[in-house]
Each structure stands twice: as C-alpha cells, then as structure tokens.
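Enquirer: Quick one, run.csv (CSV, C-alpha atoms):
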chain,number,residue,atom,x,y,z
C,583,MET,CA,55.2,19.8,14.1
C,584,ALA,CA,51.5,19.2,13.5
C,585,THR,CA,50.1,15.8,14.2
C,586,GLN,CA,47.7,14.3,11.7
C,587,HIS,CA,44.7,12.6,13.2
C,588,THR,CA,43.1,9.9,11.1
C,589,SER,CA,39.6,8.6,11.6
C,590,SER,CA,39.2,5.0,12.8
C,591,ALA,CA,35.9,4.7,10.9
C,592,LEU,CA,35.7,2.3,8.0
C,593,PRO,CA,35.5,4.0,4.6
C,594,THR,CA,32.0,4.4,3.2
C,595,PRO,CA,31.5,1.8,0.5
C,596,ALA,CA,30.9,3.0,-3.0
C,597,ARG,CA,27.3,2.6,-4.0
C,598,SER,CA,26.7,0.3,-6.9
C,599,ALA,CA,25.1,1.9,-9.9
C,600,ALA,CA,22.6,-1.0,-9.9
C,601,TYR,CA,21.5,-0.6,-6.3
C,602,PRO,CA,17.9,-1.9,-6.2
C,603,MET,CA,15.1,0.7,-5.9
C,604,ALA,CA,11.9,0.2,-4.0
C,605,LYS,CA,8.5,0.4,-5.7
C,606,PRO,CA,7.1,3.9,-6.2
C,607,GLY,CA,6.0,5.3,-2.8
C,608,TYR,CA,8.2,2.9,-0.9
C,609,GLY,CA,11.8,3.0,0.3
C,610,LYS,CA,14.1,5.8,1.6
C,611,ARG,CA,12.7,9.3,2.1
C,612,SER,CA,14.9,12.1,3.4
C,613,ALA,CA,13.7,14.4,6.1
C,614,PRO,CA,13.9,18.1,5.6
C,615,ASP,CA,16.2,20.8,7.0
C,616,GLN,CA,19.3,18.7,7.2
C,617,ARG,CA,22.8,20.1,7.6
C,618,PRO,CA,25.2,19.9,4.6
C,619,ARG,CA,27.1,16.7,4.3
C,620,THR,CA,30.6,16.8,6.0
C,621,ARG,CA,33.4,14.3,6.8
C,622,ASP,CA,32.5,14.5,10.5
C,623,ASP,CA,28.9,13.1,10.0
C,624,PHE,CA,28.1,10.3,12.4
C,625,ALA,CA,31.5,10.8,14.2
C,626,LEU,CA,29.9,9.9,17.6
C,627,LEU,CA,28.6,6.6,16.4
C,628,PRO,CA,30.4,3.2,16.8
C,629,THR,CA,32.4,2.0,13.8
C,630,ARG,CA,29.8,-0.4,12.4
C,631,GLU,CA,26.9,2.2,12.7
C,632,ARG,CA,29.1,4.9,11.1
C,633,TYR,CA,29.7,2.5,8.2
C,634,VAL,CA,26.1,1.7,7.7
C,635,ALA,CA,24.9,5.3,8.2
C,636,GLY,CA,27.4,6.6,5.7
C,637,PHE,CA,26.2,4.1,3.1
C,638,VAL,CA,22.5,4.9,3.7
C,639,ASP,CA,23.1,8.6,3.6
C,640,HIS,CA,24.4,8.4,0.1
C,641,LEU,CA,21.5,6.3,-1.2
C,642,PRO,CA,19.0,8.1,-3.5
C,643,GLU,CA,15.4,8.8,-2.7
C,644,GLY,CA,13.3,5.7,-3.0
C,645,ALA,CA,16.1,3.2,-2.5
C,646,ALA,CA,15.2,-0.2,-1.0
C,647,MET,CA,15.8,-0.1,2.7
C,648,SER,CA,15.2,-3.7,3.8
C,649,VAL,CA,17.7,-5.5,5.9
C,650,LYS,CA,18.2,-8.2,3.3
C,651,THR,CA,18.9,-5.6,0.5
C,652,LEU,CA,21.4,-3.6,2.7
C,653,ALA,CA,23.2,-6.8,3.7
C,654,LYS,CA,23.7,-7.8,0.1
C,655,GLN,CA,25.3,-4.4,-0.6
C,656,LEU,CA,27.5,-4.3,2.6
C,657,PRO,CA,29.6,-7.5,2.5
C,658,LEU,CA,31.3,-6.7,5.8
C,659,TYR,CA,28.2,-7.4,7.8
C,660,GLY,CA,25.3,-9.9,7.8
C,661,GLN,CA,21.6,-9.3,8.2
C,662,GLN,CA,21.7,-9.6,12.0
C,663,ALA,CA,24.5,-7.0,12.2
C,664,ILE,CA,22.7,-4.7,9.8
C,665,SER,CA,19.4,-5.0,11.8
C,666,THR,CA,21.3,-4.2,15.0
C,667,ALA,CA,22.9,-1.2,13.4
C,668,LEU,CA,19.6,0.2,12.1
C,669,ASN,CA,18.2,-0.1,15.6
C,670,ALA,CA,21.1,1.9,16.9
C,671,LEU,CA,20.6,4.5,14.2
C,672,SER,CA,16.9,4.7,15.1
C,673,VAL,CA,17.8,5.3,18.8
C,674,ALA,CA,20.4,7.9,17.7
C,675,GLY,CA,17.7,9.9,15.9
C,676,HIS,CA,18.6,9.2,12.3
C,677,LEU,CA,15.9,6.8,11.3
C,678,ARG,CA,12.2,6.1,11.5
C,679,ARG,CA,10.2,3.4,9.7
C,680,VAL,CA,6.7,4.5,8.8
C,681,ARG,CA,3.6,3.0,7.1
C,682,CYS,CA,1.2,5.4,5.4
C,683,PRO,CA,-2.3,4.5,4.1
C,684,VAL,CA,-3.3,5.2,0.5
C,685,VAL,CA,-6.8,4.9,-0.9
C,686,GLY,CA,-7.5,1.8,-2.9
C,687,ALA,CA,-10.6,0.6,-4.7
C,688,GLY,CA,-13.8,1.2,-2.7
C,689,ASP,CA,-13.2,0.9,1.1
C,690,GLU,CA,-9.9,-1.0,0.6
C,691,THR,CA,-6.8,0.6,2.1
C,692,ARG,CA,-3.3,-0.2,1.0
C,693,TRP,CA,-0.2,0.6,3.1
C,694,VAL,CA,2.9,2.3,1.8
C,695,PHE,CA,6.1,1.6,3.8
C,696,ARG,CA,8.7,4.3,4.0
C,697,THR,CA,12.0,4.8,5.9
C,698,PHE,CA,12.5,8.4,6.8
C,699,TRP,CA,16.2,9.3,7.1
C,700,SER,CA,17.9,12.3,8.6
C,701,ARG,CA,21.7,12.9,8.4
C,702,THR,CA,21.2,15.3,11.3
C,703,ALA,CA,20.3,13.5,14.5
C,704,ARG,CA,16.8,14.4,15.7
C,705,ASP,CA,15.2,13.9,19.1
C,706,ASN,CA,11.8,12.3,19.7
C,707,GLU,CA,10.0,15.6,19.9
C,708,TRP,CA,11.2,16.6,16.5
C,709,TRP,CA,10.3,13.3,14.9
C,710,ASN,CA,6.8,13.4,16.6
C,711,THR,CA,6.2,16.9,15.3
C,712,TYR,CA,7.4,16.1,11.8
C,713,LEU,CA,5.4,12.9,11.5
C,714,ALA,CA,2.3,14.8,12.8
C,715,THR,CA,2.8,17.2,9.9
C,716,GLU,CA,3.1,14.4,7.5
C,717,GLN,CA,-0.1,12.9,8.8
C,718,ALA,CA,-1.9,16.2,8.4
C,719,THR,CA,-0.6,16.4,4.8
C,720,LEU,CA,-1.7,12.9,4.2
C,721,ALA,CA,-5.2,13.5,5.5
C,722,ALA,CA,-5.5,16.6,3.3
C,723,ALA,CA,-4.5,14.7,0.3
C,724,LEU,CA,-6.9,11.9,1.0
C,725,GLU,CA,-10.0,14.1,1.4
C,726,PRO,CA,-10.3,15.1,-2.2
C,727,GLU,CA,-9.7,11.5,-3.3
C,728,ALA,CA,-12.5,10.3,-0.9
C,729,SER,CA,-14.9,13.0,-2.1
C,730,ALA,CA,-14.2,12.1,-5.7
C,731,LEU,CA,-14.9,8.4,-5.0
C,732,ASP,CA,-18.2,9.4,-3.3
C,733,THR,CA,-19.4,11.7,-6.1
C,734,ALA,CA,-18.1,9.8,-9.1
C,735,PRO,CA,-20.8,7.8,-11.0
C,736,PRO,CA,-20.4,4.1,-11.2
C,737,PRO,CA,-18.8,2.7,-14.4
C,738,TRP,CA,-22.2,1.4,-15.7
C,739,ALA,CA,-24.1,4.7,-15.2
C,740,PRO,CA,-25.2,6.3,-18.5
C,741,ALA,CA,-23.8,9.7,-19.3
C,742,GLU,CA,-25.9,12.7,-18.2
C,743,ASP,CA,-27.7,14.5,-21.0
C,744,PRO,CA,-26.1,17.9,-21.7
C,745,PRO,CA,-28.1,21.0,-20.8
C,746,PRO,CA,-30.3,22.3,-23.7
C,747,ALA,CA,-28.8,25.1,-25.6
C,748,PRO,CA,-30.7,28.4,-25.4
C,749,GLU,CA,-32.9,29.0,-28.4
C,750,GLY,CA,-32.9,32.4,-30.1
C,751,PRO,CA,-32.7,34.1,-33.4
C,752,ASP,CA,-28.9,34.1,-33.4
C,753,THR,CA,-28.5,30.5,-32.3
C,754,LYS,CA,-28.4,27.4,-34.5
C,755,GLN,CA,-29.5,24.0,-33.5
C,756,ALA,CA,-26.4,21.8,-33.5
C,757,PRO,CA,-26.9,18.4,-35.1
C,758,GLU,CA,-27.2,15.5,-32.6
C,759,PRO,CA,-23.9,13.5,-32.3
C,760,ALA,CA,-23.9,9.9,-33.1
C,761,ALA,CA,-24.4,7.6,-30.0
C,762,VAL,CA,-21.1,6.6,-28.6
C,763,PRO,CA,-20.6,4.2,-25.7
C,764,GLN,CA,-19.8,5.9,-22.4
C,765,GLN,CA,-16.0,5.8,-21.8
C,766,ARG,CA,-15.0,5.2,-18.2
C,767,THR,CA,-11.8,4.2,-16.5
C,768,PRO,CA,-11.6,0.4,-16.9
C,769,ALA,CA,-11.5,-0.6,-13.3
C,770,ARG,CA,-13.2,-3.8,-14.2
C,771,ALA,CA,-13.5,-4.4,-17.9
C,772,PRO,CA,-16.4,-6.9,-17.9
C,773,ASP,CA,-18.6,-4.3,-16.0
C,774,THR,CA,-18.2,-1.7,-18.8
C,775,GLU,CA,-19.1,-4.0,-21.7
C,776,PRO,CA,-22.3,-3.0,-23.5
C,777,ALA,CA,-25.2,-5.4,-23.3
C,778,PRO,CA,-25.5,-8.0,-26.1
C,779,PRO,CA,-27.5,-6.7,-29.0
C,780,ALA,CA,-31.0,-7.9,-29.4
C,781,PRO,CA,-31.9,-10.0,-32.4
C,782,ALA,CA,-32.9,-8.2,-35.6
C,783,ALA,CA,-36.3,-9.7,-35.7
C,784,GLY,CA,-38.9,-8.7,-33.1
C,785,PRO,CA,-39.5,-5.5,-31.1
C,786,ALA,CA,-36.7,-4.0,-29.2
C,787,THR,CA,-36.6,-4.8,-25.5
C,788,PRO,CA,-35.8,-2.2,-22.7
C,789,HIS,CA,-32.4,-4.0,-22.2
C,790,THR,CA,-31.1,-3.0,-25.6
C,791,ALA,CA,-31.3,0.7,-24.8
C,792,GLY,CA,-29.4,0.6,-21.4
C,793,ALA,CA,-28.6,-2.6,-19.5
C,794,SER,CA,-28.5,-2.6,-15.7
C,795,PRO,CA,-25.5,-3.9,-13.9
C,796,ALA,CA,-27.5,-7.0,-12.7
C,797,TYR,CA,-28.4,-7.8,-16.4
C,798,LEU,CA,-24.8,-7.4,-17.5
C,799,ALA,CA,-23.5,-9.6,-14.6
C,800,LEU,CA,-25.9,-12.4,-15.7
C,801,ALA,CA,-24.9,-12.1,-19.3
C,802,ARG,CA,-21.2,-12.2,-18.3
C,803,LEU,CA,-21.6,-15.6,-16.6
C,804,GLY,CA,-21.8,-17.5,-19.8
C,805,ARG,CA,-18.6,-15.9,-21.1
C,806,ASP,CA,-16.7,-16.9,-18.0
C,807,ASP,CA,-18.2,-20.5,-17.9
C,808,HIS,CA,-20.2,-22.1,-20.8
C,809,ARG,CA,-22.2,-24.1,-18.3
C,810,LEU,CA,-24.0,-20.9,-17.2
C,811,THR,CA,-24.8,-19.5,-20.6
C,812,LEU,CA,-28.1,-17.6,-20.5
C,813,SER,CA,-30.3,-16.3,-23.3
C,814,ALA,CA,-31.5,-12.7,-23.3
C,815,ASP,CA,-34.9,-13.8,-22.0
C,816,ASP,CA,-33.2,-15.8,-19.2
C,817,CYS,CA,-31.2,-12.7,-18.2
C,818,ALA,CA,-34.4,-10.6,-18.1
C,819,ALA,CA,-36.2,-13.2,-16.0
C,820,LEU,CA,-33.4,-13.3,-13.4
C,821,GLU,CA,-32.5,-9.6,-13.5
C,822,ALA,CA,-34.7,-8.7,-10.5
C,823,LEU,CA,-33.2,-11.4,-8.3
C,824,ALA,CA,-29.7,-10.3,-9.2
C,825,ALA,CA,-30.6,-6.7,-8.7
C,826,GLU,CA,-31.7,-7.5,-5.1
C,827,TRP,CA,-28.1,-8.8,-4.4
C,828,LEU,CA,-26.6,-5.5,-5.6
C,829,ALA,CA,-29.1,-3.5,-3.6
C,830,ARG,CA,-27.8,-5.3,-0.5
C,831,GLY,CA,-24.4,-3.7,-0.9
C,832,VAL,CA,-22.4,-6.5,-2.7
C,833,SER,CA,-20.3,-5.8,-5.8
C,834,VAL,CA,-20.8,-7.3,-9.3
C,835,ASP,CA,-17.7,-9.4,-8.8
C,836,TYR,CA,-19.0,-10.8,-5.6
C,837,LEU,CA,-22.3,-11.7,-7.3
C,838,THR,CA,-20.7,-13.5,-10.2
C,839,SER,CA,-18.2,-15.3,-8.0
C,840,ALA,CA,-21.0,-16.6,-5.7
C,841,LEU,CA,-23.1,-17.8,-8.6
C,842,ALA,CA,-20.2,-19.5,-10.4
C,843,ALA,CA,-18.5,-21.1,-7.4
C,844,GLY,CA,-18.6,-24.9,-7.0
C,845,LEU,CA,-20.4,-25.8,-10.2
C,846,PRO,CA,-21.3,-29.4,-10.9
C,847,ALA,CA,-19.8,-31.1,-13.9
C,848,LYS,CA,-22.9,-30.5,-16.0
C,849,VAL,CA,-25.7,-28.0,-15.6
C,850,ASP,CA,-28.8,-29.1,-17.4
C,851,SER,CA,-30.8,-25.9,-16.9
C,852,PRO,CA,-28.7,-22.8,-16.3
C,853,VAL,CA,-31.6,-20.5,-15.7
C,854,GLY,CA,-33.2,-22.9,-13.1
C,855,PHE,CA,-29.8,-23.5,-11.4
C,856,LEU,CA,-29.1,-19.8,-11.1
C,857,ARG,CA,-32.6,-19.0,-10.0
C,858,ARG,CA,-32.2,-21.4,-7.1
C,859,ARG,CA,-28.8,-20.0,-6.1
C,860,LEU,CA,-30.1,-16.4,-6.3
C,861,ASN,CA,-32.9,-17.3,-3.9
C,862,ASP,CA,-30.9,-19.6,-1.6
C,863,LYS,CA,-27.7,-17.6,-1.2
C,864,VAL,CA,-29.0,-14.1,-1.0
C,865,PRO,CA,-26.6,-12.1,1.2
C,866,PRO,CA,-27.5,-10.0,4.3
C,867,ARG,CA,-28.2,-6.4,3.6
C,868,LEU,CA,-25.2,-4.2,3.8
C,869,PRO,CA,-24.7,-0.4,3.3
C,870,THR,CA,-23.8,0.4,-0.3
C,871,ALA,CA,-20.2,1.3,-0.8
C,872,GLY,CA,-19.6,5.1,-0.9
C,873,SER,CA,-22.8,5.9,1.1
C,874,PRO,CA,-22.0,5.2,4.8
C,875,SER,CA,-24.8,5.1,7.3
C,876,PRO,CA,-25.7,8.4,9.0
C,877,GLY,CA,-23.6,9.2,12.0
C,878,ALA,CA,-21.0,6.6,11.1
C,879,PRO,CA,-17.5,8.0,11.6
C,880,ALA,CA,-15.2,8.2,8.5
C,881,PRO,CA,-12.5,5.6,8.4
C,882,ALA,CA,-9.3,6.8,10.1
C,883,ARG,CA,-6.4,7.3,7.8
C,884,ARG,CA,-3.4,7.3,10.2
C,885,LEU,CA,0.3,7.4,9.8
C,886,LEU,CA,1.9,4.7,11.9
C,887,VAL,CA,5.5,4.3,13.0
C,888,GLU,CA,6.9,0.8,12.8
C,889,CYS,CA,9.3,-0.6,15.4
C,890,THR,CA,12.7,-0.6,13.7
C,891,ASP,CA,13.4,-4.0,15.3
C,892,CYS,CA,10.3,-6.1,15.2
C,893,GLY,CA,8.0,-4.0,12.9
C,894,ARG,CA,5.1,-3.6,15.4
C,895,PRO,CA,3.1,-0.5,14.4
C,896,GLY,CA,1.9,2.3,16.6
C,897,PRO,CA,1.5,6.1,16.9
C,898,PRO,CA,4.8,8.1,17.0
C,899,GLN,CA,4.3,8.9,20.7
C,900,ALA,CA,4.1,5.2,21.6
C,901,LEU,CA,7.5,4.4,19.9
C,902,PRO,CA,10.2,6.7,21.3
C,903,ASP,CA,13.5,6.1,19.6
C,904,GLY,CA,11.6,4.2,16.9
C,905,LEU,CA,11.3,1.1,19.1
C,906,CYS,CA,8.4,-0.5,20.9
C,907,ARG,CA,8.6,-0.9,24.6
C,908,LEU,CA,9.8,-4.5,24.5
C,909,CYS,CA,12.5,-3.9,21.9
C,910,ARG,CA,13.6,-0.7,23.7
C,911,THR,CA,14.0,-2.6,26.9
C,912,THR,CA,16.0,-5.3,25.1
C,913,HIS,CA,18.1,-2.7,23.4
C,914,SER,CA,18.9,-0.9,26.6
C,915,GLY,CA,19.8,-4.1,28.4
C,916,ALA,CA,22.1,-5.1,25.5
C,917,ALA,CA,23.8,-1.7,25.6
C,918,GLU,CA,24.4,-1.9,29.3
C,919,ASN,CA,25.8,-5.4,29.2
C,920,SER,CA,27.9,-5.0,26.1
C,921,PRO,CA,31.7,-5.3,26.9
C,922,ARG,CA,33.9,-2.2,26.8
C,923,PRO,CA,36.8,-2.0,24.3
C,924,ALA,CA,39.3,-2.4,27.1
C,925,GLU,CA,37.6,-5.6,28.3
C,926,ILE,CA,37.6,-7.0,24.8
C,927,ALA,CA,41.4,-6.3,24.5
C,928,ASP,CA,42.0,-8.0,27.9
C,929,VAL,CA,40.0,-11.1,26.8
C,930,LYS,CA,42.0,-11.3,23.5
C,931,ALA,CA,45.3,-11.0,25.4
C,932,HIS,CA,44.3,-13.7,27.9
C,933,MET,CA,43.3,-16.1,25.1
C,934,THR,CA,46.6,-15.5,23.3
C,935,ASN,CA,48.4,-16.3,26.5
C,936,LEU,CA,46.5,-19.5,26.9
C,937,ARG,CA,47.3,-20.6,23.4
C,938,ASP,CA,51.0,-19.9,24.0
C,939,LEU,CA,50.9,-22.1,27.2
C,940,LEU,CA,49.2,-25.0,25.3
C,941,LYS,CA,51.8,-25.1,22.6
C,942,PRO,CA,54.0,-28.2,22.8
C,943,VAL,CA,57.5,-27.5,24.1
If you took the structure in this file and wrote it as structure tokens, what would it be?
Expert:
Amino acid sequence: MATQHTSSALPTPARSAAYPMAKPGYGKRSAPDQRPRTRDDFALLPTRERYVAGFVDHLPEGAAMSVKTLAKQLPLYGQQAISTALNALSVAGHLRRVRCPVVGAGDETRWVFRTFWSRTARDNEWWNTYLATEQATLAAALEPEASALDTAPPPWAPAEDPPPAPEGPDTKQAPEPAAVPQQRTPARAPDTEPAPPAPAAGPATPHTAGASPAYLALARLGRDDHRLTLSADDCAALEALAAEWLARGVSVDYLTSALAAGLPAKVDSPVGFLRRRLNDKVPPRLPTAGSPSPGAPAPARRLLVECTDCGRPGPPQALPDGLCRLCRTTHSGAAENSPRPAEIADVKAHMTNLRDLLKPV
C-alpha cells in the first residue's frame, strides 16, 4: 500500500487582486533563466521562509516589496518576522535588493530601488555576474542620455536658421513662414516665456527681438512678488549684472531665489534694491552645467546592492549573501544559537509538566 506524504509547509496565501504596486521602475524584478514553477520550490527552506517565498514568487513584476507592505498582506507574521525571512531568502540565494541611478535634471541623480527575485536559488558568483551585466546595461543606457543633455540647446536658445535652399532655374523660393515662438520641453515654464512686448510708441529695443535668460529672470521677479516689479528699462539696466551670475554657473532658479529671499515688508526702489543684491551676493565662479572642466572624470553611475537587513549600500562583491559584514555576522550567530526542533519540543513538554504540578489538588 502506497503511503501518501504530505508537505508540512503552510499553503501559499492567495494574492489579493488589489496588491499594491510600486512606482514605475521600483519594486520586484524577476531574474532571468529560472526553472519552471513546481510544487517542490523552496522545499529546503524552513516553514516561514517557504511561506513568504511562495507568496513573493507569485507577485507580479513591479509589486511593492517593502517589509511593511508584505506584512499587511501576510497576517500570520509581523514586520520583524517578515524582515528575518527576507534575510534568510537573501542568504539562500533567492533575493537581492539593488539601487540603480537614473539621470535627473542637470547633474542631479535619482536612485531607483529594485528587489531582484529568483525562484531558482543562485550563489554569490551568479549574482555578482548578473548584477555586473545589469550595471553594464545601465551604463550603456545612460551614455546616450548624457550626450543628449550635453548637446541639447538650453530652453531659451533661439532656433537655428534653416540652411538656405539651393537656387536654380527649377527651384522656387518658398515664402517665409510666420514667426512662431520656439517650442521646447517645459522643464521650467517661466524660463520659456517670451519677453514682455515693448510699448507701441518709440523705437524697438534689442530685447524685443530675443531676450536673454538674465533679462527674462529679472522680468519674472515682478510676477512672483509685486515688491520686485521692474520696468523694461530697469531690466535692461540690471541685465549685465544678472548675466554675470549666470556666467558663474548658477541656474536661473538660483538667481531668482537669491534675489527674492528675505524681502523687507516694503521695497521703495526695486531697481536699487536688486542692484545692491546683485553686487553684494554675487556667487563664486563655478563651471557651467553640461561643460565639465578638462580632465575631470565623468560622474560614476554605479549599481549598488543594499544590505537586505539594514539597507547599507555597497558593490555586489562587498555584500555576499546580500548582507553587509555586520548583519552577516549577526545572522550567522543567530542561526548557530537558534534552538533545534527537538529542543523546542522538550521545553514545551517541560512547561506542560510544570503547569500540571502547579494545579491545585
């Protein structure tokens, strides 16, 4: 007669249809080349780790992987138990937490946090090789973006004139199109606004044809705060001082923020007040964004592994098993000192015997 063996593992909980997803670029990301899903997956893990691993394995790509979110979906265990289980899954080779840089505005770098998951247990060498490939892919993806940032014209730059059409007997001169404001991606809407039109009376000034970013920044001050309202002549008079700030590597937002910070309750002469601030608060000279100094190395765009327990970042080679040295030592000590199932059963039997002896006769 055949004997039926039943698994002692807890059944994998059904995933809620409303399981929270992480923001785009964050959350769970499955590693490649995994074995097909079977009933014997995670069979060598303890019961709690099998339970958590089975749940994580069925989550979709991009699912939120924070300890708090998982604890809300797994009512059998609290946050501390889930955190300990994730540490064990990291040591077993199923999990790595990674932070990847993405290019932001200018030199700003934002970090995207991902949790790489593998149903098939992997050793440290496999994870290091895979994450090195991911880093190379990331660097290749960042190079075109960086070159586009270096070569793209600033939002305030006028459009280049098209090349003249060749003249000949079979060509006709196309009529000039009407002047249309240059359309750019609105990274900062105030910077792309055209200069205020000059009054109808009087000769046209150079600023009516194409305003510089310094002139536009001064004209923008009055719209943000009426105490700093300037006339067209005032903007022209202060334009050279404001342009000196931009030439030192600061942005237009930095310029306007510095001029409008800490205003008194009343400004009797905005042009005099701003002239004094432009002279007194001129910043030190810095390299212009997008044009690094010669010989300066390009900023490193590295993929970093986070310690699954404490979150300390580092290169993959420095975090074997996905844990930093301190957490790995703590985890190893806890595993060695943890009681065996037989010892737990003996303690429970001893406590039951003591309770029986303390019962009144």
Enquirer: Excluding Gln616 of chain C and any residue of its chain fewer than 4 positions from it, enumerate the residues within 12 Å of it, using all atoms listed in the file, and give them as a list in words.
Expert: Ser612, Thr620, Asp623, Asp639, His676, Trp699, Ser700, Arg701, Thr702, Ala703 and Arg704 of chain C
Enquirer: Between C:Arg619, C:Tyr797, C:Leu885, C:Ser833, single out the one closest to Trp693 of chain C, counting only C-alpha atoms.
Expert: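 Counting only C-alpha atoms, the residue closest to Trp693 of chain C is C:Leu885.
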Enquirer: What is the atom CA of Ala900 of chain C to atom CA of Leu641 of chain C distance in Å?
Expert: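 These two atoms are separated by 28.7 Å.
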Enquirer: Go ahead and compute the interatomic distance for atom CA of Arg857 of chain C and atom CA of Ser794 of chain C, in Å to one decimal.
Expert: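 That distance, rounded to one decimal, is 17.8 Å.
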Enquirer: Ranking C:Pro618, C:Arg802, C:Pro657, C:Asn669 by minimum distance to Cys892 of chain C and counting all atoms listed in the file, which one comes first?
Expert: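 The answer is C:Asn669, which sits nearest to Cys892 of chain C.
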Enquirer: Closest to Leu652 of chain C among C:Gly609, C:Arg830, C:His932, C:Ala670, using all atoms listed in the file?
Expert: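 Nearest candidate to Leu652 of chain C out of C:Gly609, C:Arg830, C:His932, C:Ala670: C:Gly609.
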Enquirer: Which neighbours of Tyr608 of chain C fall inside 9 Å, counting all atoms listed in the file, when residues of the same chain fewer than 4 positions from it are skipped, and could you give them as number ranges by chain?
Expert: C: 603-604, 644-647, 694-697
Enquirer: If you count all atoms listed in the file, which residues fall within 12 Å of Ala825 of chain C, apart from same-chain ones fewer than 5 positions away, as a list of chain:residue names?
Expert: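 These residues fall inside the cut-off: C:Ala793, C:Ser794, C:Pro795, C:Ala796, C:Tyr797, C:Leu798, C:Ala799, C:Leu800, C:Cys817, C:Ala818, C:Ala819, C:Leu820, C:Arg830, C:Gly831, C:Val832, C:Ser833, C:Val834, C:Leu837, C:Leu860, C:Asn861, C:Val864, C:Pro865.
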Enquirer: Determine the nearest neighbour of Cys909 of chain C from the options C:Gly675, C:Thr711, C:Ser839, C:Thr666, counting all atoms listed in the file.
Expert: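 Checking each candidate against Cys909 of chain C, we get C:Thr666 as the closest.
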Enquirer: Please return as a list in words every residue within 10 Å of (-27.9, -24.0, -23.6), taking into account all atoms listed in the file and the file's own coordinates.
Expert: Gly804, His808, Arg809, Leu810, Thr811, Leu812, Ser813, Val849, Asp850, Ser851, Pro852 and Val853 of chain C
Enquirer: For the atom pair atom CA of Lys610 of chain C and atom CA of Phe698 of chain C, what is the interatomic distance in Å to one decimal place?
Expert: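 The value is 6.0 Å.
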Enquirer: Between C:Leu886, C:Leu828, C:Met933, C:Ala840, which has the minimum distance to Gln899 of chain C (counting only C-alpha atoms)?
Expert: C:Leu886
Enquirer: Would you please work out which residue, of C:Thr890, C:Gln655, C:Thr719, C:Ser648, is nearest to Arg679 of chain C when using all atoms listed in the file?
Expert: C:Thr890
Enquirer: What would segment 646-657 of chain C look like with N, CA and C atoms restored, written as a CSV table (one decimal), in the coordinates of the input?
Expert:
chain,number,residue,atom,x,y,z
C,646,ALA,N,15.7,0.9,-1.9
C,646,ALA,CA,15.2,-0.2,-1.0
C,646,ALA,C,16.0,-0.1,0.3
C,647,MET,N,15.2,-0.3,1.4
C,647,MET,CA,15.8,-0.1,2.7
C,647,MET,C,15.6,-1.4,3.6
C,648,SER,N,15.3,-2.5,3.0
C,648,SER,CA,15.2,-3.7,3.8
C,648,SER,C,16.5,-4.2,4.3
C,649,VAL,N,16.5,-5.0,5.4
C,649,VAL,CA,17.7,-5.5,5.9
C,649,VAL,C,18.4,-6.4,5.0
C,650,LYS,N,17.6,-7.2,4.3
C,650,LYS,CA,18.2,-8.2,3.3
C,650,LYS,C,18.9,-7.4,2.2
C,651,THR,N,18.3,-6.4,1.6
C,651,THR,CA,18.9,-5.6,0.5
C,651,THR,C,20.2,-4.9,1.0
C,652,LEU,N,20.2,-4.3,2.2
C,652,LEU,CA,21.4,-3.6,2.7
C,652,LEU,C,22.5,-4.6,2.9
C,653,ALA,N,22.2,-5.8,3.5
C,653,ALA,CA,23.2,-6.8,3.7
C,653,ALA,C,23.9,-7.3,2.5
C,654,LYS,N,23.1,-7.4,1.4
C,654,LYS,CA,23.7,-7.8,0.1
C,654,LYS,C,24.7,-6.7,-0.4
C,655,GLN,N,24.5,-5.5,-0.1
C,655,GLN,CA,25.3,-4.4,-0.6
C,655,GLN,C,26.5,-4.1,0.3
C,656,LEU,N,26.4,-4.6,1.6
C,656,LEU,CA,27.5,-4.3,2.6
C,656,LEU,C,28.1,-5.7,3.0
C,657,PRO,N,29.1,-6.2,2.3
C,657,PRO,CA,29.6,-7.5,2.5
C,657,PRO,C,30.3,-7.7,3.9
